[in-house]
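> Attaching a single structure in structure tokens format; questions to follow.
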There are 2 protein chains.
Amino acid sequence: MKSDELFALLRRRGVLWPSAEIYGGAQGLYDYGPLGAALKRRVEEAWTAWFVGLSHDYYLIDPAEILPEAVVRASGHLENFTDPEVTCESCHAVFRADTVLEKVRPEGVDGLAPKEIEEIVRARGVKCPSCGSKTLSVPPPFNLMFGLDYGVTGHERVYLRPETAQSSYLSFPRMWDVGRRALPLGIAIIGKAYRNEIAPRQVLFRMRTFTQAELQIFFDPEHFPLPFDRVREEKLPVVRAARRLAGSEEVELVAAEELVRSGGLPEFYVYHLVHTYRFFRDVLGFPTEKLRLFEKSDQERAFYNRIQFDVEVNLESLGGFKEVAAVHYRGDYDLGRHGQGSGKDLAVTLTGGRTVLPHVLELTYGVDRSLWALADVHLGKDGDRTLWRLPTYLAPVPVGVFPLIPKEQDAFALRLSDDLASAGVPNQYDEAGTIGKRYARMDEAGTPYCVTVDGETVADGPNRDTVTVRTRDSKAQERVPVAELAGRLAPSLRPPRPPRE
Amino acid sequence: MKSDELFALLRRRGVLWPSAEIYGGAQGLYDYGPLGAALKRRVEEAWTAWFVGLSHDYYLIDPAEILPEAVVRASGHLENFTDPEVTCESCHAVFRADTVLEKVRPEGVDGLAPKEIEEIVRARGVKCPSCGSKTLSVPPPFNLMFGLDYGVTGHERVYLRPETAQSSYLSFPRMWDVGRRALPLGIAIIGKAYRNEIAPRQVLFRMRTFTQAELQIFFDPEHFPLPFDRVREEKLPVVRAARRLAGSEEVELVAAEELVRSGGLPEFYVYHLVHTYRFFRDVLGFPTEKLRLFEKSDQERAFYNRIQFDVEVNLESLGGFKEVAAVHYRGDYDLGRHGQGSGKDLAVTLTGGRTVLPHVLELTYGVDRSLWALADVHLGKDGDRTLWRLPTYLAPVPVGVFPLIPKEQDAFALRLSDDLASAGVPNQYDEAGTIGKRYARMDEAGTPYCVTVDGETVADGPNRDTVTVRTRDSKAQERVPVAELAGRLAPSLRPPRPPRE
């Protein structure tokens with residue numbers, strides 16, 4: 001489906017819609033409706049089960065999303081979290097420089113000073129995309145952070161965090177103290193980040209407030225114990241930076257051990273890259289051919305990232321591979337900067353007496369982007385059915401509960417709906433329209449199981465207290481005793497965790 | 001426990017701590033650590049199960065937390081969401097007017113113009129609480145909203161929402177369209193709100209960013225069908241406004257039907273007041289004598305609230321009854337204002353053809369405040385034990401898993417920990433220190449069950465593959481087969497839903 005078509009469908013089904021619609025909306029803001037909110041919660045739970053489940057020493061925390069100015073000064077965001085922009089002197093439109101220069105400079109403008117960008121604009125005679133005049137100029141770079149006047153004096157400045165990561169770095173010393181004072185220590189956050197994007201676009205892909213799930217793993221660079229054998233033979237769909245520079249963007253399937261042996265990557269990095277890849281394949285259910293692990297070159301990645309692979313998903317709606325997650329080896333940049341900025345030594349003393357400033361491996365994941373990808377990849381036509389083939393544990397509404405003839409079986413079906421909810425099986429009661437229409441609605445919502453209460457359920461006979469369970473993908477129907485229902489359905493509604501052996 | 005003592009304990013256990021601690025913190029911002037984040041999620045789940053569970057037509061959504069200026073203009077926040085402040089011309093300190101005038105005007109300053117407040121200050125000779133000089137002045141009221149410069153032009157102004165409620169009102173027309181187009185329709189949001197409080201204080205009670213759980217019920221004022229019989233006989237601990245004005249602040253226990261019959265309250269209001277009260281008593285586990293439903297008088301409540309009872313909990317740490325939730329009957333104020341502000345008619349046409357502008361009943365709940373209350377009420381000494389008697393389904397870590405002798409049983413215990421997690425039973429593995437110390441840590445964390453793997457578990461004999469389950473409150477121990485463990489523990493970890501009959 002194209003982006004517009006997909007968005008229209010998601011809006012119609014109450015998955016998401018533009019924020020403040022009745023006021024004409026606000027650029028870069030979206031609201032999740034009932035299905036979207038439930039899907040988001042489930043994706044967050046699946047992310048947590050998988051990534052926080054990687055170790056008994058990884059923890060989920062929930063810090064405030066406002067950062068004092070000293071924090072973003074130390075992290076470099078105050079100075080460097082900018083997008084070069086181009087403005088038109090004639091029509092006053094504002095554009096991202098990389099977008100305006102896309103054709104004349106496909107490698108982007110990262111690292112260029114405004115003056116250098118202006119020279120390119122002049123030299124190549126670039127015109128304003130909006131009014132066509134040659135009056136583009138390049139103002140000082142635009143900081144993407146939202147600043148707030150904090151407190152009553154008007155003198156205190158704080159910022160909405162541009163990424164959740166900083167909150168983890170700030171929490172490290174406290175987490176060290178309350179934990180078992182050992183490395184590796186993982187700190188995960190699922191929460192909002194805020195960026196005043198110059199050009200919000202592609203619906204959930206570039207919003208001005210969005211949800212990240214990030215795991216920061218603090219580790220001893222000399223010793224990161226992990227069971228590499230569990231991932232050794234996994235083949236990863238990689239695009240290496242060196243090969244790209246040599247002219248090939250093709251995906252290669254390379255075994256994890258090969259990436260270490262001859263690929264120059266450390267075991268700890270590949271281990272987590274494999275688990276990130278498996279999350280997309282085994283948890284979100286994306287086919288391997290839709291995925292690639294795209295290595296960023298020295299020029300492309302931020303200077304503090306020593307290694308970076310983006311996880312990209314091929315999305316029909318957005319016309320190609322799009323970044324949804326990444327694995328960043330950030331070295332000791334973060335604790336080093338916050339150590340300087342705060343004047344506190346953030347090094348820790350390990351058992352044995354060695355003192356180390358922990359390195360950071362960052363697993364970052366765009367929750368909203370992944371929701372869009374889950375719609376793009378799994379939602380589509382199957383004959384005349386519109387079907388959202390979500391993995392069962394991601395379905396916003398795992399179970400539909402219908403009375404075949406509402407007037408006769410509504411009481412039983414409503415009670416069943418409540419009983420299932422009490423037994424930990426979320427569900428939606430629906431009595432509107434024919435059974436076929438109700439199935440169709442649930443198919444679109446990605447509901448894997450529909451349970452129908454009919455005349456036989458409530459009458460004496462061999463099928464008393466049994467219901468029909470219909471499975472979304474196969475359309476197969478089965479008669480199941482009510483007493484067994486929750487027990488049969490519940491296991492498939494729990495997200496998988498990383499296998500241990 | 002006193003507030004400081006309680007906070008110190010919560011900080012030591014990694015429940016919460018001041019945000020950006022290494023930078024000296026930021027007023028009114030706190031971070032939730034692993035236990036706090038898990039407790040918060042569980043409280044949110046319990047709130048959802050209870051309140052969204054009140055009807056099959058109530059839904060949880062997740063809208064953006066940024067509002068365009070037109071929205072807060074229509075809602076009245078731009079003009080009226082202010083706290084009168086008092087500044088000192090000598091030392092430049094800033095105070096909330098109601099705090100400075102607490103002694104000379106205990107009824108507060110709501111509704112007074114700055115001039116009127118200044119007159120009181122002069123007439124009573126009020127001194128600056130900070131420097132003692134008589135140079136207090138009253139500037140124009142201070143708006144508590146955080147404004148953002150939005151987009152690249154610098155001309156667009158948006159606001160961090162001061163309450164989640166507005167997002168629900170904006171979503172009503174879309175929810176009407178995607179739903180079954182019938183009233184009552186409930187829209188719930190759990191999310192952040194932001195207020196630039198003049199004087200953040202009392203830890204989680206007055207923060208500058210905090211989490212609300214709010215249910216807005218849109219209904220037809222002529223017909224709100226509900227099973228009042230289910231609540232008729234419930235006795236509520238109320239403090240009526242009229243009695244207060246007559247001089248008595250005592251709590252009366254009044255039956256729900258009595259509040260309707262002779263108390264002048266509508267059934268739909270009392271029904272939801274009962275369920276709110278029951279949530280605090282039956283779900284959060286607060287004893288009735290710690291709770292009161294405190295009616296606000298005409299003067300005390302916002303003009304658009306036709307009826308308001310606050311739910312207050314008596315907190316030792318904060319020296320008395322504190323507001324944690326409220327039930328507001330807001331009439332048609334909200335949809336009326338947003339209809340005017342947006343120029344869209346928000347009235348809906350019901351089956352039968354009648355057109356109605358829905359009224360709103362708002363159930364609002366402070367998530368952070370309730371976490372503090374759960375610590376205040378349930379965390380304390382029992383002999384030499386420090387014990388957090390949280391209801392089992394609220395425990396941040398429901399189960400502790402220990403190997404009695406780590407060297408011998410760690411592999412079995414780690415696998416058990418993973419298996420329980422996969423079976424939907426969150427747990428924490430702990431092998432540090434004596435079993436007694438591990439029990440003590442879990443008692444403080446509120447963990448209701450500790451599972452110990454010992455020599456008998458892993459050796460041939462009658463107790464092979466059984467473990468010891470120790471219950472937090474009773475300290476009772478029982479030998480349980482591993483295969484039965486998840487099934488035995490899981491039901492008590494699901495939050496209760498409102499009983500249907």
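Each chain of the structure tokens is named A, B, ... in the order shown, its residues numbered from 1; ligands are numbered from 1 in display order.
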Would you list the contacts of Glu300 in chain A as a list in words, taking every protein, DNA or RNA residue within 10 Å and counting only C-alpha atoms, but skipping same-chain residues closer than 2 positions in sequence?

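The neighbour list is Glu107, Gly108, Asp110, Gly111, Ala241, Glu295, Lys296, Ser297, Asp298, Ala302, Phe303 and Gln308 of chain A.
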
> Would you mind listing what lies within 7 Å of range 139-145 of chain B as a PyMOL selection string, with only C-alpha atoms counted and same-chain residues fewer than 4 positions away left out?

chain B and resi 81-86+114+159-160+162+194-197

> Considering only C-alpha atoms, state which residue in the set B:Leu183, B:Met442, B:Cys128, B:Leu493 is at the smallest distance from chain A.

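So, comparing all the options, the nearest one is B:Leu493.
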
> Mind checking which residues fall within 10 Å of Lys192 in chain B, counting only C-alpha atoms, ignoring those fewer than 6 positions away in the same chain, and posting them as a JSON list (two decimals) with C-alpha atoms, in the first residue's frame?


```json
[["chain", "number", "residue", "atom", "x", "y", "z"],
["A", 64, "ALA", "CA", 11.82, 12.53, 33.75],
["A", 65, "GLU", "CA", 11.99, 13.70, 30.13],
["A", 192, "LYS", "CA", 9.25, 10.19, 24.82],
["B", 64, "ALA", "CA", 0.46, 13.51, 21.63],
["B", 65, "GLU", "CA", 1.14, 15.62, 24.72],
["B", 160, "LEU", "CA", 2.87, 20.98, 26.76],
["B", 161, "ARG", "CA", -0.53, 19.86, 27.93],
["B", 162, "PRO", "CA", -1.31, 20.86, 31.52],
["B", 163, "GLU", "CA", -3.68, 17.89, 31.87],
["B", 164, "THR", "CA", -4.39, 14.83, 29.74],
["B", 209, "THR", "CA", 6.07, 16.76, 34.92],
["B", 210, "PHE", "CA", 3.82, 14.02, 36.18],
["B", 211, "THR", "CA", 1.63, 11.18, 35.00],
["B", 212, "GLN", "CA", -2.13, 11.33, 35.06],
["B", 213, "ALA", "CA", -4.63, 8.59, 34.42],
["B", 367, "VAL", "CA", -0.33, 8.16, 39.19]]
```

> Env of Leu39 in chain A: 8 Å cut, atoms = only C-alpha atoms, seq-sep filter 4 positions within chain, self excluded. Answer as a PyMOL selection string.

chain A and resi 35+43+371+394-396

> Nearest residue to Arg369 in chain B out of B:Asn80, B:Ser248, B:Gln202, B:Ser90, using only C-alpha atoms?

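The shortest atom-to-atom distance to Arg369 in chain B comes from B:Gln202.
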
> Where does DSSP see strand (DSSP E) in range 24-68 of chain B, if you list the residues as an mmCIF file with all heavy atoms, in the first residue's frame?


```cif
data_model
loop_
_atom_site.group_PDB
_atom_site.id
_atom_site.type_symbol
_atom_site.label_atom_id
_atom_site.label_comp_id
_atom_site.auth_asym_id
_atom_site.auth_seq_id
_atom_site.Cartn_x
_atom_site.Cartn_y
_atom_site.Cartn_z
ATOM 1 N N TYR B 30 11.674 14.026 39.120
ATOM 2 C CA TYR B 30 12.142 12.795 39.735
ATOM 3 C C TYR B 30 12.229 11.695 38.697
ATOM 4 O O TYR B 30 11.498 11.693 37.707
ATOM 5 C CB TYR B 30 11.201 12.369 40.876
ATOM 6 C CG TYR B 30 11.280 13.326 42.030
ATOM 7 C CD1 TYR B 30 10.446 14.439 42.090
ATOM 8 C CD2 TYR B 30 12.236 13.153 43.025
ATOM 9 C CE1 TYR B 30 10.555 15.350 43.132
ATOM 10 C CE2 TYR B 30 12.357 14.054 44.062
ATOM 11 C CZ TYR B 30 11.509 15.155 44.114
ATOM 12 O OH TYR B 30 11.625 16.060 45.126
ATOM 13 N N ASP B 31 13.151 10.768 38.936
ATOM 14 C CA ASP B 31 13.295 9.598 38.068
ATOM 15 C C ASP B 31 12.808 8.362 38.818
ATOM 16 O O ASP B 31 13.110 8.197 40.005
ATOM 17 C CB ASP B 31 14.772 9.370 37.709
ATOM 18 C CG ASP B 31 15.347 10.485 36.850
ATOM 19 O OD1 ASP B 31 14.573 11.334 36.373
ATOM 20 O OD2 ASP B 31 16.580 10.487 36.661
ATOM 21 N N TYR B 32 12.114 7.485 38.113
ATOM 22 C CA TYR B 32 11.768 6.194 38.686
ATOM 23 C C TYR B 32 12.834 5.178 38.338
ATOM 24 O O TYR B 32 13.145 4.977 37.156
ATOM 25 C CB TYR B 32 10.417 5.712 38.168
ATOM 26 C CG TYR B 32 9.268 6.524 38.706
ATOM 27 C CD1 TYR B 32 8.559 7.386 37.889
ATOM 28 C CD2 TYR B 32 8.919 6.441 40.042
ATOM 29 C CE1 TYR B 32 7.510 8.154 38.393
ATOM 30 C CE2 TYR B 32 7.873 7.199 40.561
ATOM 31 C CZ TYR B 32 7.185 8.048 39.726
ATOM 32 O OH TYR B 32 6.156 8.803 40.223
ATOM 33 N N TYR B 58 -15.600 1.753 26.888
ATOM 34 C CA TYR B 58 -14.549 2.647 27.364
ATOM 35 C C TYR B 58 -13.231 2.188 26.744
ATOM 36 O O TYR B 58 -12.939 0.990 26.714
ATOM 37 C CB TYR B 58 -14.446 2.613 28.889
ATOM 38 C CG TYR B 58 -15.644 3.206 29.607
ATOM 39 C CD1 TYR B 58 -15.709 3.194 30.997
ATOM 40 C CD2 TYR B 58 -16.707 3.782 28.906
ATOM 41 C CE1 TYR B 58 -16.804 3.725 31.672
ATOM 42 C CE2 TYR B 58 -17.801 4.316 29.576
ATOM 43 C CZ TYR B 58 -17.846 4.270 30.958
ATOM 44 O OH TYR B 58 -18.933 4.801 31.625
ATOM 45 N N TYR B 59 -12.442 3.143 26.263
ATOM 46 C CA TYR B 59 -11.229 2.822 25.506
ATOM 47 C C TYR B 59 -10.038 3.630 26.000
ATOM 48 O O TYR B 59 -10.181 4.803 26.365
ATOM 49 C CB TYR B 59 -11.437 3.134 24.017
ATOM 50 C CG TYR B 59 -12.564 2.370 23.396
ATOM 51 C CD1 TYR B 59 -13.851 2.899 23.378
ATOM 52 C CD2 TYR B 59 -12.349 1.106 22.852
ATOM 53 C CE1 TYR B 59 -14.900 2.186 22.829
ATOM 54 C CE2 TYR B 59 -13.393 0.390 22.296
ATOM 55 C CZ TYR B 59 -14.672 0.934 22.288
ATOM 56 O OH TYR B 59 -15.700 0.225 21.750
ATOM 57 N N LEU B 60 -8.879 3.031 25.926
ATOM 58 C CA LEU B 60 -7.633 3.722 26.260
ATOM 59 C C LEU B 60 -6.985 4.204 24.964
ATOM 60 O O LEU B 60 -6.805 3.413 24.027
ATOM 61 C CB LEU B 60 -6.696 2.749 26.978
ATOM 62 C CG LEU B 60 -5.396 3.309 27.571
ATOM 63 C CD1 LEU B 60 -5.673 4.251 28.736
ATOM 64 C CD2 LEU B 60 -4.490 2.162 28.032
ATOM 65 N N ILE B 61 -6.631 5.473 24.907
ATOM 66 C CA ILE B 61 -5.931 5.997 23.736
ATOM 67 C C ILE B 61 -4.619 6.658 24.189
ATOM 68 O O ILE B 61 -4.361 6.784 25.384
ATOM 69 C CB ILE B 61 -6.792 6.990 22.929
ATOM 70 C CG1 ILE B 61 -7.058 8.262 23.735
ATOM 71 C CG2 ILE B 61 -8.108 6.342 22.498
ATOM 72 C CD1 ILE B 61 -7.723 9.375 22.924
ATOM 73 N N ILE B 66 1.487 17.452 23.176
ATOM 74 C CA ILE B 66 1.693 18.850 22.790
ATOM 75 C C ILE B 66 0.395 19.380 22.191
ATOM 76 O O ILE B 66 -0.216 18.710 21.355
ATOM 77 C CB ILE B 66 2.856 18.954 21.774
ATOM 78 C CG1 ILE B 66 4.173 18.600 22.471
ATOM 79 C CG2 ILE B 66 2.910 20.348 21.148
ATOM 80 C CD1 ILE B 66 5.368 18.537 21.533
ATOM 81 N N LEU B 67 -0.027 20.562 22.628
ATOM 82 C CA LEU B 67 -1.294 21.133 22.160
ATOM 83 C C LEU B 67 -1.052 22.451 21.433
ATOM 84 O O LEU B 67 -0.333 23.316 21.944
ATOM 85 C CB LEU B 67 -2.219 21.397 23.356
ATOM 86 C CG LEU B 67 -2.579 20.203 24.241
ATOM 87 C CD1 LEU B 67 -3.383 20.674 25.449
ATOM 88 C CD2 LEU B 67 -3.362 19.154 23.465
ATOM 89 N N PRO B 68 -1.666 22.629 20.266
ATOM 90 C CA PRO B 68 -1.590 23.929 19.586
ATOM 91 C C PRO B 68 -2.222 25.025 20.457
ATOM 92 O O PRO B 68 -3.085 24.739 21.284
ATOM 93 C CB PRO B 68 -2.420 23.719 18.311
ATOM 94 C CG PRO B 68 -2.493 22.243 18.114
ATOM 95 C CD PRO B 68 -2.422 21.633 19.476
#
```
